[in-house]
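Working notes, beginning with the structure itself.
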Amino acid sequence: LGMGIIALSRNLLMLFIGLELMSIPAYLLVSGLGRRGKASTEAALKYFFCGGAAGALFLLGIALYYARMKTLGFAPGAVRPIDPILNAALALMGTAALFKIGAVPLHFWLPDVYEASPPELAGFFSTALKAAAVLLLMRVVSIAPASSLARALPWVGALTMFFGATLALGQKSLQRLLSYSSIAHAGNIILGVGAWAALGADPSAAYAIFFYLAAYLFMNNGAFSFLAVSGLKTREELKGFAKGSPALAGLFAVFMLALGGAPPTAGFLAKLLIFWEALKAGLYVPVAVALLSALIALVYYLALVRDAYFEEGASASAPGSSIGRAVLWACAAPSAALGLFPIVLGPIQRLLGL
């Protein structure tokens, strides 16, 4: 309900209500209501206080916006000129959205929360909740695409990508590694939002963002679901996994290649679309940082595939439920095939006469 309100509301107070309706159940889900030990409780408390800070920033931004505009409704792109009060209001509300996305330097809660959660729940947080936070950011940015917030987003995205990709390199815990990976992917999406704003919030430029979110839904949920099905916790346990479970290892390799942006996977096309829109907007330096970050990220994704296939290890087979394996296949097929979407779309359009 909260995510739906964020997606549909055109009133700032309703956006805040949607934000809280989305956040409060998430804190309870992380805690497991005390049943999963101290680590989950600690992560839930950290998540709660960071989420509370984000909510307070959003409310303060609403107050400044109301002082400037005398309304809680907004007409996207209609604000001219942009004064310091409005810039401050949008910056505060945008910061709240960046908190929820996990952008650097507002990311400090995310690795602990994702690692303390069950893998399937961490996958949900990293895709569905992140997508809702991106929509919240886009709705705030759309009020005034030329604001200071909008101009800062490409640099925030580039910093987030580089930071997440670099810190993921040294992780031994698979779930924590995927947590930092999700920070890096958040940076890609934020860069896309910045490019969309720089292009005047053109609806056609938003296509790259929505495609990335759709592709990321399958790639990242698949990766976290693999951890749930296989029961693997660390990179040491991953070594030699392909010998005992070749089918699961193949699905895992698909997810890693897609997250790394290897062609022709969904991740490759998703990143290409974001970079293309950013180049059209003239964001050359952020794109250069993004490309460097993508290369760094590819190193640890390929290293995980190497661990599974070419390193010596226990090579025990993973029991995994049939439902879990079905979820993996359902995520792997789009992760591998969505990269071919433009090639397939052309003949379909010609066939239908579109």
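How things are named: the first chain in the structure tokens is A, the next is B, and so on; residues count from 1 in each chain; ligands count from 1 in the order shown.
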
request  = Mind checking which residues fall within 10 Å of A:Ala198, counting only C-alpha atoms, ignoring those fewer than 5 positions away in the same chain, and posting them as a ChimeraX atom specification?
outcome  = /A:145-147,150-151,153-154,192-193,205,277-278,280-283

key: Near-A:Ala133 list (6 Å; only C-alpha atoms; drop same-chain fewer than 6 positions) as a list of chain:residue names   =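 In the requested format, the answer is A:Ala97, A:Lys100, A:Ile101.
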
Selection to disk with N, CA, C and O atoms, as a compact mmCIF listing (two decimals), in the first residue's frame:
```txt
# COMPACT_ATOMS: atom_id res chain seq x y z
N ALA A 97 14.72 10.46 0.14
CA ALA A 97 14.62 9.39 -0.86
C ALA A 97 15.97 8.70 -1.05
O ALA A 97 16.03 7.46 -1.18
N LYS A 100 16.62 6.09 1.54
CA LYS A 100 15.93 4.83 1.29
C LYS A 100 16.57 4.04 0.16
O LYS A 100 16.54 2.81 0.16
N ILE A 101 17.14 4.74 -0.81
CA ILE A 101 17.81 4.05 -1.92
C ILE A 101 19.13 3.44 -1.47
O ILE A 101 19.55 2.40 -1.99
```

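Nearest residue to A:Pro203, choosing from A:Ala43, A:Leu191, A:Ala223, A:Met138 and counting only C-alpha atoms: A:Met138.
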
key: Contacts of A:Leu328 at 10 Å (only C-alpha atoms; same-chain gap of 6+ positions) as a PyMOL selection string   = chain A and resi 218-219+221-226+229+248+251-252+255+322

For the selection just defined, write its residues with N, CA, C and O atoms to a file, as a PDB file, in the first residue's frame.
```pdb
ATOM      1  N   PHE A 218      14.800  -9.001 -11.594  1.00  0.00           N
ATOM      2  CA  PHE A 218      15.089 -10.406 -11.854  1.00  0.00           C
ATOM      3  C   PHE A 218      16.520 -10.765 -11.455  1.00  0.00           C
ATOM      4  O   PHE A 218      16.757 -11.818 -10.841  1.00  0.00           O
ATOM      5  N   MET A 219      17.479  -9.903 -11.787  1.00  0.00           N
ATOM      6  CA  MET A 219      18.881 -10.226 -11.522  1.00  0.00           C
ATOM      7  C   MET A 219      19.152 -10.355 -10.031  1.00  0.00           C
ATOM      8  O   MET A 219      19.731 -11.339  -9.568  1.00  0.00           O
ATOM      9  N   ASN A 221      16.961 -10.377  -7.316  1.00  0.00           N
ATOM     10  CA  ASN A 221      16.158 -11.366  -6.608  1.00  0.00           C
ATOM     11  C   ASN A 221      16.662 -12.775  -6.895  1.00  0.00           C
ATOM     12  O   ASN A 221      16.646 -13.640  -6.017  1.00  0.00           O
ATOM     13  N   GLY A 222      17.105 -13.009  -8.127  1.00  0.00           N
ATOM     14  CA  GLY A 222      17.670 -14.300  -8.458  1.00  0.00           C
ATOM     15  C   GLY A 222      18.928 -14.595  -7.665  1.00  0.00           C
ATOM     16  O   GLY A 222      19.123 -15.714  -7.161  1.00  0.00           O
ATOM     17  N   ALA A 223      19.797 -13.581  -7.526  1.00  0.00           N
ATOM     18  CA  ALA A 223      21.048 -13.786  -6.790  1.00  0.00           C
ATOM     19  C   ALA A 223      20.787 -14.081  -5.320  1.00  0.00           C
ATOM     20  O   ALA A 223      21.385 -14.999  -4.736  1.00  0.00           O
ATOM     21  N   PHE A 224      19.894 -13.320  -4.691  1.00  0.00           N
ATOM     22  CA  PHE A 224      19.588 -13.568  -3.283  1.00  0.00           C
ATOM     23  C   PHE A 224      18.824 -14.886  -3.111  1.00  0.00           C
ATOM     24  O   PHE A 224      19.010 -15.594  -2.114  1.00  0.00           O
ATOM     25  N   SER A 225      17.954 -15.212  -4.069  1.00  0.00           N
ATOM     26  CA  SER A 225      17.232 -16.482  -3.986  1.00  0.00           C
ATOM     27  C   SER A 225      18.195 -17.662  -4.094  1.00  0.00           C
ATOM     28  O   SER A 225      17.976 -18.707  -3.473  1.00  0.00           O
ATOM     29  N   PHE A 226      19.250 -17.504  -4.877  1.00  0.00           N
ATOM     30  CA  PHE A 226      20.261 -18.556  -4.955  1.00  0.00           C
ATOM     31  C   PHE A 226      20.861 -18.823  -3.580  1.00  0.00           C
ATOM     32  O   PHE A 226      21.085 -19.989  -3.204  1.00  0.00           O
ATOM     33  N   VAL A 229      18.335 -20.838  -1.599  1.00  0.00           N
ATOM     34  CA  VAL A 229      18.186 -22.224  -2.054  1.00  0.00           C
ATOM     35  C   VAL A 229      19.431 -23.048  -1.734  1.00  0.00           C
ATOM     36  O   VAL A 229      19.344 -24.194  -1.276  1.00  0.00           O
ATOM     37  N   LEU A 248      22.374 -25.494 -10.534  1.00  0.00           N
ATOM     38  CA  LEU A 248      22.306 -24.292  -9.694  1.00  0.00           C
ATOM     39  C   LEU A 248      23.480 -23.362  -9.973  1.00  0.00           C
ATOM     40  O   LEU A 248      23.332 -22.139  -9.993  1.00  0.00           O
ATOM     41  N   LEU A 251      22.767 -21.341 -13.072  1.00  0.00           N
ATOM     42  CA  LEU A 251      21.848 -20.233 -12.808  1.00  0.00           C
ATOM     43  C   LEU A 251      22.562 -19.105 -12.080  1.00  0.00           C
ATOM     44  O   LEU A 251      22.361 -17.918 -12.380  1.00  0.00           O
ATOM     45  N   PHE A 252      23.407 -19.473 -11.123  1.00  0.00           N
ATOM     46  CA  PHE A 252      24.179 -18.474 -10.390  1.00  0.00           C
ATOM     47  C   PHE A 252      25.082 -17.682 -11.334  1.00  0.00           C
ATOM     48  O   PHE A 252      25.191 -16.448 -11.225  1.00  0.00           O
ATOM     49  N   PHE A 255      23.124 -15.010 -13.171  1.00  0.00           N
ATOM     50  CA  PHE A 255      22.850 -13.829 -12.352  1.00  0.00           C
ATOM     51  C   PHE A 255      24.095 -12.959 -12.197  1.00  0.00           C
ATOM     52  O   PHE A 255      24.008 -11.722 -12.261  1.00  0.00           O
ATOM     53  N   SER A 322      11.835 -27.481  -4.577  1.00  0.00           N
ATOM     54  CA  SER A 322      11.425 -27.353  -5.978  1.00  0.00           C
ATOM     55  C   SER A 322      10.878 -25.961  -6.254  1.00  0.00           C
ATOM     56  O   SER A 322      11.075 -25.418  -7.345  1.00  0.00           O
TER      57      SER A 322
END
```

In stretch 212-277 of chain A, DSSP helix (DSSP H, G or I) residues written as a VMD selection string = chain A and resid 212 to 230 235 to 238 241 to 244 246 to 260 266 to 277

request  = Enter the distance from atom CA of A:Ser117 to atom CA of A:Ala168, in Å, rounded to one decimal.
outcome  =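 Going from atom CA of A:Ser117 over to atom CA of A:Ala168 covers 18.1 Å.
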
Surrounding residues of A:Met14 excluding itself and chain neighbours under 6 positions, 10 Å, only C-alpha atoms, as a PyMOL selection string = chain A and resi 2+5-6+8+20+72-73

ask   = What separation in Å, quoted to one decimal, exists between atom CA of A:Thr160 and atom CA of A:Leu86?
value =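 Computed distance, atom CA of A:Thr160 to atom CA of A:Leu86, equals 25.3 Å.
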
ask   = Near A:Ala337, within 12 Å and counting only C-alpha atoms, which residues show up once chain neighbours fewer than 3 positions away are dropped, as a list in words?
value = Ala215, Phe218, Met219, Val254, Phe255, Ala258, Pro263, Pro264, Thr265, Ala266, Gly267, Phe268, Leu269, Ala330, Cys331, Ala332, Ala333, Pro334, Leu340, Phe341, Pro342, Ile343 and Val344 of chain A

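Counting only C-alpha atoms and comparing A:Leu137, A:Leu257, A:Met161, A:Leu227, the residue that lies closest to A:Ala122 is A:Leu227.
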
task = Write out as an NGL selection string each polymer residue whose atoms come within 9 Å of A:Lys130, counting only C-alpha atoms; drop sequence neighbours fewer than 3 positions from it.
result = :A and (100-102 or 124-127 or 133-135 or 186 or 213)
